[in-house]
file structure08.txt (compact mmCIF, C-alpha atoms)
# COMPACT_ATOMS: atom_id res chain seq x y z
CA MET A 1 -0.26 204.52 121.32
CA SER A 2 2.76 205.98 119.53
CA ASN A 3 4.22 207.22 122.88
CA LEU A 4 4.02 203.81 124.47
CA ASP A 5 7.51 202.72 125.62
CA LEU A 6 7.80 199.01 126.26
CA TRP A 7 11.58 198.99 126.77
CA PRO A 8 13.11 198.28 130.19
CA ASP A 9 14.77 201.26 131.95
CA ASN A 10 18.03 199.54 132.79
CA LEU A 11 19.24 198.68 129.30
CA LEU A 12 22.72 200.08 129.79
CA GLU A 13 23.26 198.84 133.31
CA GLU A 14 25.62 195.95 133.97
CA ILE A 15 27.17 195.93 130.53
CA PRO A 16 29.55 192.97 130.48
CA ARG A 17 33.14 193.31 129.33
CA SER A 18 33.39 192.04 125.80
CA PRO A 19 36.12 189.60 124.72
CA LEU A 20 37.42 192.38 122.43
CA GLU A 21 37.79 194.72 125.42
CA ILE A 22 39.62 192.05 127.42
CA LEU A 23 42.00 191.18 124.58
CA SER A 24 42.59 194.82 123.66
CA SER A 25 43.47 195.74 127.24
CA GLN A 26 46.24 193.09 127.17
CA ALA A 27 47.41 194.11 123.71
CA ALA A 28 47.81 197.70 124.89
CA LEU A 29 50.27 196.62 127.59
CA LEU A 30 52.90 195.12 125.30
CA GLY A 31 54.32 198.40 123.98
CA SER A 32 55.32 199.59 127.44
CA LYS A 33 56.94 196.22 128.19
CA THR A 34 59.09 196.32 125.03
CA GLN A 35 59.98 200.01 124.80
CA ASN A 36 57.44 200.19 121.96
CA ILE A 37 59.65 197.96 119.81
CA ILE A 38 56.90 195.39 119.56
CA LEU A 39 53.25 196.33 119.73
CA ALA A 40 50.16 194.20 119.96
CA ASP A 41 46.66 194.81 118.73
CA VAL A 42 43.43 193.00 118.04
CA ALA A 43 41.81 192.84 114.61
CA SER A 44 38.07 192.50 114.91
CA THR A 45 35.80 191.45 112.07
CA ILE A 46 32.26 190.18 111.74
CA ASN A 47 31.64 187.62 109.08
CA GLU A 48 28.45 187.18 107.09
CA THR A 49 27.18 184.46 109.39
CA GLY A 50 27.30 186.77 112.41
CA LYS A 51 30.51 185.42 113.94
CA PHE A 52 32.72 187.97 115.67
CA ILE A 53 36.32 187.04 114.89
CA LEU A 54 39.14 188.48 116.99
CA CYS A 55 42.76 188.08 115.98
CA PHE A 56 45.45 188.97 118.53
CA TYR A 57 48.65 189.94 116.75
CA LEU A 58 52.13 191.36 117.28
CA ARG A 59 53.38 194.20 115.09
CA VAL A 60 56.92 195.51 114.69
CA PRO A 61 56.96 199.06 113.27
CA SER A 62 60.70 199.03 112.62
CA LEU A 63 60.48 195.79 110.61
CA SER A 64 58.17 197.29 107.97
CA ASN A 65 55.22 196.59 110.23
CA TYR A 66 55.89 192.85 110.19
CA GLN A 67 52.91 191.16 111.76
CA PHE A 68 52.66 187.87 113.62
CA ASP A 69 49.20 186.54 114.44
CA LEU A 70 49.48 184.88 117.84
CA PHE A 71 45.99 183.43 118.11
CA SER A 72 42.42 184.09 117.13
CA VAL A 73 39.07 183.41 118.72
CA TRP A 74 35.47 183.83 117.68
CA HIS A 75 32.13 184.23 119.39
CA GLY A 76 28.51 184.83 118.55
CA ILE A 77 26.21 187.66 119.55
CA ASP A 78 26.03 186.34 123.13
CA LEU A 79 29.77 186.97 123.74
CA TYR A 80 30.24 183.56 125.37
CA PRO A 81 31.25 180.90 124.70
CA VAL A 82 34.36 182.18 122.96
CA HIS A 83 36.00 179.58 120.69
CA ASP A 84 39.70 179.18 120.04
CA THR A 85 39.82 178.91 116.23
CA ALA A 86 42.87 176.62 116.36
CA THR A 87 41.41 173.95 118.61
CA GLU A 88 37.69 174.80 118.79
CA ARG A 89 38.09 174.79 122.57
CA ALA A 90 35.05 176.56 124.05
CA LEU A 91 35.71 179.19 126.74
CA LYS A 92 32.44 179.46 128.58
CA ASN A 93 32.91 182.66 130.55
CA GLU A 94 35.22 185.61 131.18
CA GLN A 95 37.41 183.74 133.65
CA GLN A 96 38.03 180.90 131.19
CA LEU A 97 38.89 183.45 128.50
CA ILE A 98 41.36 185.16 130.86
CA ASN A 99 42.96 181.80 131.70
CA PHE A 100 43.27 181.08 127.99
CA ILE A 101 44.95 184.46 127.37
CA VAL A 102 47.38 183.83 130.24
CA GLU A 103 48.31 180.51 128.61
CA LYS A 104 48.87 182.10 125.21
CA LEU A 105 50.84 185.13 126.37
CA ASN A 106 53.07 183.09 128.66
CA ASP A 107 53.65 180.28 126.19
CA LYS A 108 57.37 179.63 125.64
CA ARG A 109 56.86 180.02 121.91
CA THR A 110 55.28 183.48 122.35
CA VAL A 111 58.15 184.68 124.52
CA LYS A 112 60.67 183.26 122.06
CA ILE A 113 59.04 185.06 119.13
CA ILE A 114 58.94 188.39 120.99
CA ARG A 115 62.62 188.07 121.93
CA ALA A 116 63.56 187.08 118.38
CA LEU A 117 61.69 190.07 116.95
CA ALA A 118 63.35 192.40 119.46
CA ALA A 119 66.74 190.99 118.45
CA GLN A 120 66.05 191.66 114.79
CA THR A 121 65.27 195.30 115.42
CA ARG A 122 68.73 195.96 116.85
CA LYS A 123 70.68 198.22 114.56
CA ILE A 124 73.73 196.64 112.97
CA LYS A 125 76.75 198.92 113.09
CA PRO A 126 77.66 199.93 109.53
CA PHE A 127 81.14 199.22 108.21
CA ASP A 128 83.28 202.36 108.49
CA ASP A 129 86.22 201.23 106.50
CA ILE A 130 85.03 199.51 103.37
CA PRO A 131 88.19 199.37 101.24
CA PHE A 132 86.76 200.94 98.09
CA MET V 1 60.16 181.86 85.31
CA PRO V 2 60.44 180.91 88.99
CA ARG V 3 59.64 177.30 89.71
CA VAL V 4 58.04 176.34 93.01
CA LEU V 5 57.81 172.99 94.75
CA PHE V 6 55.59 172.51 97.79
CA TRP V 7 55.63 169.31 99.80
CA ASN V 8 54.12 168.35 103.14
CA LEU V 9 56.71 165.88 104.43
CA ASN V 10 54.58 164.45 107.23
CA ARG V 11 57.55 164.83 109.60
CA LYS V 12 59.67 162.45 107.52
CA VAL V 13 63.27 163.41 106.76
CA LEU V 14 63.19 162.45 103.06
CA ARG V 15 66.68 163.79 102.78
CA ASP V 16 67.58 162.53 99.30
CA GLU V 17 64.09 162.78 97.80
CA VAL V 18 63.68 166.49 98.64
CA SER V 19 67.13 167.31 97.36
CA TYR V 20 66.64 165.29 94.18
CA LEU V 21 63.32 167.00 93.38
CA ALA V 22 64.72 170.47 94.07
CA HIS V 23 67.66 169.96 91.71
CA ARG V 24 65.95 167.80 89.10
CA HIS V 25 63.20 170.35 88.56
CA ASP V 26 65.40 173.44 88.99
CA VAL V 27 63.21 174.61 91.83
CA ASP V 28 63.71 178.27 92.78
CA ILE V 29 61.39 178.33 95.76
CA LEU V 30 61.21 175.15 97.84
CA ILE V 31 58.42 175.20 100.41
CA LEU V 32 58.23 172.39 102.95
CA ALA V 33 55.51 171.78 105.51
CA GLU V 34 55.93 169.50 108.52
CA ASP V 35 59.67 169.48 108.00
CA ASN V 36 61.18 168.46 111.32
CA VAL V 37 64.84 168.77 110.43
CA SER V 38 66.90 171.89 111.02
CA SER V 39 67.49 174.30 108.17
CA LEU V 40 71.22 173.67 108.58
CA PHE V 41 70.74 169.96 107.95
CA ARG V 42 68.43 170.57 105.01
CA LEU V 43 70.88 173.06 103.49
CA SER V 44 73.79 170.67 103.95
CA VAL V 45 71.96 168.16 101.76
CA LEU V 46 70.55 170.65 99.25
CA ASN V 47 73.95 172.29 98.79
CA ALA V 48 76.06 169.13 98.95
CA HIS V 49 77.28 169.52 95.37
CA SER V 50 76.87 173.25 94.73
CA PRO V 51 75.93 176.27 96.83
CA THR V 52 72.47 176.67 95.33
CA TYR V 53 70.00 177.28 98.14
CA PHE V 54 69.51 179.84 100.89
CA ALA V 55 67.36 179.29 103.97
CA THR V 56 64.89 182.06 104.73
CA SER V 57 64.00 183.23 108.20
CA THR V 58 60.55 182.70 109.62
CA ALA V 59 58.64 182.52 112.87
CA CYS V 60 56.20 180.08 111.30
CA GLU V 61 57.22 176.66 112.61
CA ARG V 62 55.02 174.66 110.27
CA ILE V 63 56.61 175.92 107.06
CA SER V 64 60.19 176.29 105.88
CA ILE V 65 61.23 177.97 102.65
CA TYR V 66 64.48 177.65 100.72
CA THR V 67 65.28 179.82 97.72
CA THR V 68 67.93 180.04 95.05
CA PHE V 69 68.16 183.78 95.72
CA SER V 70 69.23 185.67 98.79
CA ASP V 71 66.68 186.68 101.38
CA ARG V 72 67.66 190.30 100.71
CA PHE V 73 65.01 190.08 97.97
CA ILE V 74 62.37 188.86 100.44
CA SER V 75 60.38 191.00 102.87
CA LEU V 76 58.63 189.12 105.63
CA ARG V 77 55.27 190.78 106.05
CA HIS V 78 52.86 188.75 108.08
CA GLU V 79 53.03 185.38 109.81
CA SER V 80 51.31 183.10 112.23
CA PRO V 81 51.98 179.52 113.27
CA TYR V 82 50.02 178.50 110.15
CA TYR V 83 51.03 180.85 107.33
CA THR V 84 53.76 183.14 106.15
CA PHE V 85 53.41 186.12 103.81
CA ARG V 86 56.47 187.32 101.95
CA GLU V 87 56.83 189.97 99.31
CA ILE V 88 59.50 188.90 96.87
CA HIS V 89 61.12 191.51 94.67
CA LEU V 90 63.60 189.98 92.27
CA PRO V 91 65.84 192.30 90.23
CA ALA V 92 64.14 193.95 87.22
CA LEU V 93 60.85 192.15 87.90
CA LEU V 94 57.68 193.37 89.52
CA PRO V 95 57.31 192.23 93.14
CA PHE V 96 54.86 189.52 94.08
CA LEU V 97 53.29 188.35 97.28
CA LEU V 98 53.94 184.72 98.19
CA VAL V 99 51.64 183.23 100.79
CA ALA V 100 52.64 179.78 102.05
CA ILE V 101 50.11 178.03 104.19
CA HIS V 102 49.81 174.84 106.18
CA TRP V 103 46.34 175.00 107.57
CA LYS V 104 44.87 173.01 110.42
CA SER V 105 43.79 169.43 109.91
CA LEU V 106 40.15 168.55 109.50
CA MET V 107 40.70 165.51 111.72
CA TRP V 108 40.01 167.52 114.86
CA ARG V 109 37.93 170.38 113.49
CA SER V 110 34.50 170.91 112.06
CA LYS V 111 33.97 172.10 108.50
CA GLU V 112 32.27 175.18 109.92
CA SER V 113 35.45 176.14 111.78
CA GLN V 114 37.48 175.51 108.65
CA THR V 115 35.21 177.89 106.74
CA ILE V 116 35.50 180.60 109.40
CA ALA V 117 39.27 180.24 109.42
CA LEU V 118 39.68 180.29 105.63
CA THR V 119 37.44 183.36 105.50
CA GLU V 120 39.88 185.06 107.85
CA ILE V 121 42.78 184.06 105.60
CA GLY V 122 40.96 185.63 102.66
CA ARG V 123 40.54 188.86 104.61
CA ILE V 124 44.19 188.95 105.68
CA ILE V 125 45.35 188.38 102.09
CA ARG V 126 43.19 191.28 100.86
CA GLU V 127 44.59 193.52 103.62
CA GLU V 128 48.17 192.61 102.78
CA GLU V 129 47.56 193.22 99.10
CA ALA V 130 46.17 196.65 99.92
CA SER V 131 49.25 197.33 101.99
CA CYS V 132 51.55 196.16 99.15
CA ASN V 133 49.59 198.16 96.55
CA HIS V 134 49.35 195.22 94.17
CA ARG V 135 47.59 191.92 93.73
CA ARG V 136 50.32 189.83 92.19
CA THR V 137 49.65 187.13 94.74
CA ILE V 138 50.32 183.40 94.83
CA VAL V 139 48.99 181.26 97.64
CA VAL V 140 50.38 177.77 97.94
CA GLY V 141 50.25 175.06 100.55
CA ASP V 142 48.31 172.41 102.36
CA PHE V 143 44.90 173.95 103.00
CA ASN V 144 43.42 170.83 104.54
CA ALA V 145 40.38 171.78 102.50
CA GLU V 146 39.13 170.75 99.07
CA PRO V 147 38.96 173.28 96.21
CA PHE V 148 35.14 173.08 96.37
CA GLU V 149 34.73 173.79 100.08
CA ASN V 150 32.94 176.92 101.20
CA GLY V 151 35.96 178.74 102.61
CA MET V 152 37.89 178.17 99.37
CA VAL V 153 35.12 179.30 97.02
CA ALA V 154 33.13 181.91 99.00
CA ALA V 155 33.59 185.48 97.84
CA ASN V 156 34.61 186.65 101.30
CA GLY V 157 36.83 183.58 101.71
CA LEU V 158 39.53 182.79 99.20
CA HIS V 159 37.16 183.19 96.26
CA ALA V 160 39.14 180.64 94.25
CA VAL V 161 37.38 179.48 91.10
CA MET V 162 38.01 176.65 88.65
CA SER V 163 37.72 178.73 85.49
CA HIS V 164 40.45 180.89 84.12
CA SER V 165 37.93 183.05 82.26
CA VAL V 166 35.78 183.62 85.36
CA ALA V 167 38.84 184.60 87.40
CA ALA V 168 39.90 186.92 84.58
CA ARG V 169 36.88 189.09 85.39
CA GLY V 170 39.07 190.30 88.25
CA GLN V 171 36.53 190.69 91.00
CA ARG V 172 32.89 190.33 91.92
CA THR V 173 30.69 192.83 93.72
CA LEU V 174 28.37 191.51 96.39
CA SER V 175 25.86 193.97 97.79
CA PRO V 176 26.14 195.32 100.43
CA PHE V 177 29.64 194.06 101.25
CA GLY V 178 31.64 195.38 98.31
CA SER V 179 34.04 193.81 95.82
CA TYR V 180 36.02 190.64 96.28
CA PRO V 181 38.91 189.73 93.97
CA PHE V 182 39.04 186.24 92.47
CA PHE V 183 41.76 183.67 92.69
CA TYR V 184 42.23 181.16 89.89
CA ASN V 185 42.59 177.62 91.23
CA PRO V 186 44.21 175.36 88.60
CA MET V 187 43.93 172.33 90.90
CA TRP V 188 40.38 171.66 89.73
CA SER V 189 41.86 170.51 86.42
CA LEU V 190 43.99 167.91 88.21
CA TYR V 191 41.11 166.16 89.94
CA GLY V 192 40.32 162.55 89.09
CA ASP V 193 41.70 160.28 86.44
CA GLU V 194 41.48 162.50 83.36
CA ASN V 195 44.88 164.06 83.77
CA ASP V 196 48.45 162.82 83.55
CA GLY V 197 48.98 162.67 87.29
CA PRO V 198 47.34 161.03 90.29
CA PRO V 199 43.68 161.87 91.14
CA GLY V 200 44.71 164.11 94.07
CA THR V 201 47.56 164.89 96.44
CA TYR V 202 46.37 163.01 99.54
CA TYR V 203 44.70 159.62 99.89
CA ARG V 204 42.72 158.33 102.83
CA SER V 205 40.29 155.44 102.88
CA SER V 206 37.87 154.70 105.67
CA SER V 207 34.86 152.53 106.40
CA GLU V 208 32.62 155.58 106.83
CA GLU V 209 29.68 155.94 104.47
CA LEU V 210 31.07 159.17 103.13
CA CYS V 211 34.55 158.60 101.83
CA GLN V 212 36.11 160.54 99.00
CA PHE V 213 39.43 158.59 99.05
CA TRP V 214 41.47 161.14 97.09
CA HIS V 215 41.74 164.72 98.25
CA MET V 216 43.27 167.83 96.74
CA PHE V 217 44.46 169.47 99.96
CA ASP V 218 47.65 170.81 98.40
CA GLN V 219 46.85 173.68 96.10
CA VAL V 220 48.17 176.75 94.38
CA LEU V 221 45.99 179.81 93.83
CA VAL V 222 46.88 182.85 91.74
CA ARG V 223 45.26 186.22 91.33
CA PRO V 224 44.11 187.15 87.79
CA GLU V 225 47.06 189.57 87.62
CA LEU V 226 49.38 186.54 87.57
CA SER V 227 47.20 183.79 86.17
CA PRO V 228 48.19 184.51 82.53
CA HIS V 229 51.75 183.91 83.71
CA LEU V 230 50.95 180.53 85.28
CA PRO V 231 50.80 177.99 82.44
CA ARG V 232 48.24 175.40 83.55
CA PRO V 233 50.31 172.50 82.18
CA SER V 234 53.15 173.53 84.47
CA VAL V 235 51.08 172.62 87.54
CA LYS V 236 51.86 169.02 88.38
CA VAL V 237 51.50 166.57 91.21
CA VAL V 238 54.81 164.74 91.39
CA THR V 239 54.91 160.97 91.90
CA GLU V 240 58.57 160.12 91.58
CA ALA V 241 61.96 161.35 92.66
CA GLY V 242 64.36 159.70 90.24
CA ASP V 243 64.31 155.97 90.87
CA THR V 244 62.24 156.42 94.00
CA SER V 245 58.51 156.21 93.60
CA LEU V 246 56.50 158.46 95.91
CA VAL V 247 53.47 156.19 95.50
CA ASN V 248 52.89 152.50 96.17
CA ALA V 249 51.66 149.85 93.72
CA SER V 250 48.09 151.16 94.12
CA GLY V 251 49.21 154.67 93.28
CA HIS V 252 48.73 155.99 96.82
CA PRO V 253 51.27 158.31 98.51
CA THR V 254 53.76 156.28 100.47
CA LEU V 255 56.86 158.20 101.58
CA SER V 256 54.79 161.09 102.91
CA ASP V 257 51.00 161.08 103.15
CA HIS V 258 51.00 164.01 100.69
CA LEU V 259 52.44 164.23 97.20
CA PRO V 260 54.54 167.22 96.13
CA LEU V 261 53.08 170.01 94.03
CA LEU V 262 55.22 171.61 91.33
CA PHE V 263 54.50 174.69 89.21
CA THR V 264 56.19 177.41 87.24
CA PHE V 265 55.06 180.98 86.86
CA GLY V 266 56.30 184.07 85.12
CA LEU V 267 56.66 187.55 86.49
CA PRO V 268 56.07 190.76 84.57
CA VAL V 269 59.21 192.85 84.14
CA ALA V 270 59.28 196.14 86.01
CA VAL V 271 60.18 198.23 82.96
CA GLU V 272 60.62 197.21 79.33
CA ILE V 273 64.11 198.34 78.44
CA GLU V 274 65.43 198.64 74.91
CA TYR V 275 68.74 196.95 74.26
CA GLU V 276 71.48 199.25 75.36
CA GLN V 277 75.19 198.91 75.50
CA SER V 278 76.82 199.42 78.86
call {"tool": "encode", "arguments": {"input": "structure08.txt", "output": "structure tokens"}}
result
Amino acid sequence: MSNLDLWPDNLLEEIPRSPLEILSSQAALLGSKTQNIILADVASTINETGKFILCFYLRVPSLSNYQFDLFSVWHGIDLYPVHDTATERALKNEQQLINFIVEKLNDKRTVKIIRALAAQTRKIKPFDDIPF
Amino acid sequence: MPRVLFWNLNRKVLRDEVSYLAHRHDVDILILAEDNVSSLFRLSVLNAHSPTYFATSTACERISIYTTFSDRFISLRHESPYYTFREIHLPALLPFLLVAIHWKSLMWRSKESQTIALTEIGRIIREEEASCNHRRTIVVGDFNAEPFENGMVAANGLHAVMSHSVAARGQRTLSPFGSYPFFYNPMWSLYGDENDGPPGTYYRSSSEELCQFWHMFDQVLVRPELSPHLPRPSVKVVTEAGDTSLVNASGHPTLSDHLPLLFTFGLPVAVEIEYEQS
């Protein structure tokens, strides 16, 4: 009886892409688009009620690792629906999540913040001839 | 003793009222939420009679901060559309972490979402404190949550308690998750009629069965490391700006839907130095 195996054989077949994997793949692209001036990453936590919380953020190493949280989403053990924590909008499948990410990354405000951060990392030429 | 004034302006200009309060109360750190005017306009009014205030840079559109000291003493650390974290290091004083927050309204969100979100805020604060290597933290703003709500009180949330002596224990260990530091929330003492000010900072009546009328959405929280330096009587909900009343005849907020919050706190000096002649 102890050798009886009741598990299915195909447990690791057709593993879906998790929201974390989808978000992280987009975060990884930002460095190459900004000469590594601005990086993106995803902070992933699980709270005590079993919610998986994913925060997509920008990070600027040359500004003392200044961090700007662009958006966050959460989901349960079933991966979908994913919920936008700001609006509670429910994203029912991978395609809806991808559409949501496209909206967020292409938002005028996001582009403006990235450009402003890039501007602030430019070195200011020091004064050569301070008269004292 | 820096003095802080926080006010959610509800997208009203309140040009003279903001300026009056800032100068009348010698405010060092002026934090405005839902301020729709440009910082240049606000500065032109604040500094009309003397060059007192500096604007500070931010990517957080919902909050603007003006200080009586240069932003060279301020390090921006972490922001989102809803909060801004700054480490402020004034000369000869120990640095502190100022978190200004204007959280999402409950009008369009469930309490469960509010709890999840405030839990995240608690985690981010703990991470930033670890990165700063200190817990001299002040969190102030419009939380759109009551002091008693789960996200405000839960250990893994903001863990903000009503009792100075409980907060003074420093932290609480919850198996198997670890230790969570307390915040002291002085706003509990300002609830209801048994204080000198109004019963809350925000008033809303409705015909629903469950109606609390007054809410304490605008709050200040301090870590135990700073709570001895935050005199409880200094925390006040302001109801007038000179001759202008901020409440109507019934005592409800009128110019903005929120009332301003004012408090003073002290900062430990970096090093005790004996008197010495230069």
call {"tool": "interface_residues", "arguments": {"input": "structure08.txt", "of": "chain A", "to": "chain V", "cutoff": "12 Å", "atoms": "only C-alpha atoms", "output": "ChimeraX atom specification"}}
result
/A:43-75,83-89,109-117,120
call {"tool": "atom_distance", "arguments": {"input": "structure08.txt", "atom1": "CA of Cys132 in chain V", "atom2": "CA of Phe96 in chain V"}}
result
9.0 Å
call {"tool": "atom_distance", "arguments": {"input": "structure08.txt", "atom1": "CA of His258 in chain V", "atom2": "CA of Ile138 in chain V"}}
result
20.3 Å
call {"tool": "residues_around", "arguments": {"input": "structure08.txt", "residues": "His252 in chain V", "least_positions_apart": "2", "cutoff": "12 Å", "atoms": "only C-alpha atoms", "output": "MDAnalysis selection string"}}
result
chainID V and resid 197:205 213:215 238:240 245:250 254:259
call {"tool": "write_last_selection", "arguments": {"input": "structure08.txt", "atoms": "C-alpha atoms", "output": "mmCIF file, keeping the file's coordinate frame"}}
result
data_model
loop_
_atom_site.group_PDB
_atom_site.id
_atom_site.type_symbol
_atom_site.label_atom_id
_atom_site.label_comp_id
_atom_site.auth_asym_id
_atom_site.auth_seq_id
_atom_site.Cartn_x
_atom_site.Cartn_y
_atom_site.Cartn_z
ATOM 1 C CA GLY V 197 48.980 162.670 87.290
ATOM 2 C CA PRO V 198 47.340 161.030 90.290
ATOM 3 C CA PRO V 199 43.680 161.870 91.140
ATOM 4 C CA GLY V 200 44.710 164.110 94.070
ATOM 5 C CA THR V 201 47.560 164.890 96.440
ATOM 6 C CA TYR V 202 46.370 163.010 99.540
ATOM 7 C CA TYR V 203 44.700 159.620 99.890
ATOM 8 C CA ARG V 204 42.720 158.330 102.830
ATOM 9 C CA SER V 205 40.290 155.440 102.880
ATOM 10 C CA PHE V 213 39.430 158.590 99.050
ATOM 11 C CA TRP V 214 41.470 161.140 97.090
ATOM 12 C CA HIS V 215 41.740 164.720 98.250
ATOM 13 C CA VAL V 238 54.810 164.740 91.390
ATOM 14 C CA THR V 239 54.910 160.970 91.900
ATOM 15 C CA GLU V 240 58.570 160.120 91.580
ATOM 16 C CA SER V 245 58.510 156.210 93.600
ATOM 17 C CA LEU V 246 56.500 158.460 95.910
ATOM 18 C CA VAL V 247 53.470 156.190 95.500
ATOM 19 C CA ASN V 248 52.890 152.500 96.170
ATOM 20 C CA ALA V 249 51.660 149.850 93.720
ATOM 21 C CA SER V 250 48.090 151.160 94.120
ATOM 22 C CA THR V 254 53.760 156.280 100.470
ATOM 23 C CA LEU V 255 56.860 158.200 101.580
ATOM 24 C CA SER V 256 54.790 161.090 102.910
ATOM 25 C CA ASP V 257 51.000 161.080 103.150
ATOM 26 C CA HIS V 258 51.000 164.010 100.690
ATOM 27 C CA LEU V 259 52.440 164.230 97.200
#
call {"tool": "atom_distance", "arguments": {"input": "structure08.txt", "atom1": "CA of His25 in chain V", "atom2": "CA of Lys12 in chain V"}}
result
20.8 Å
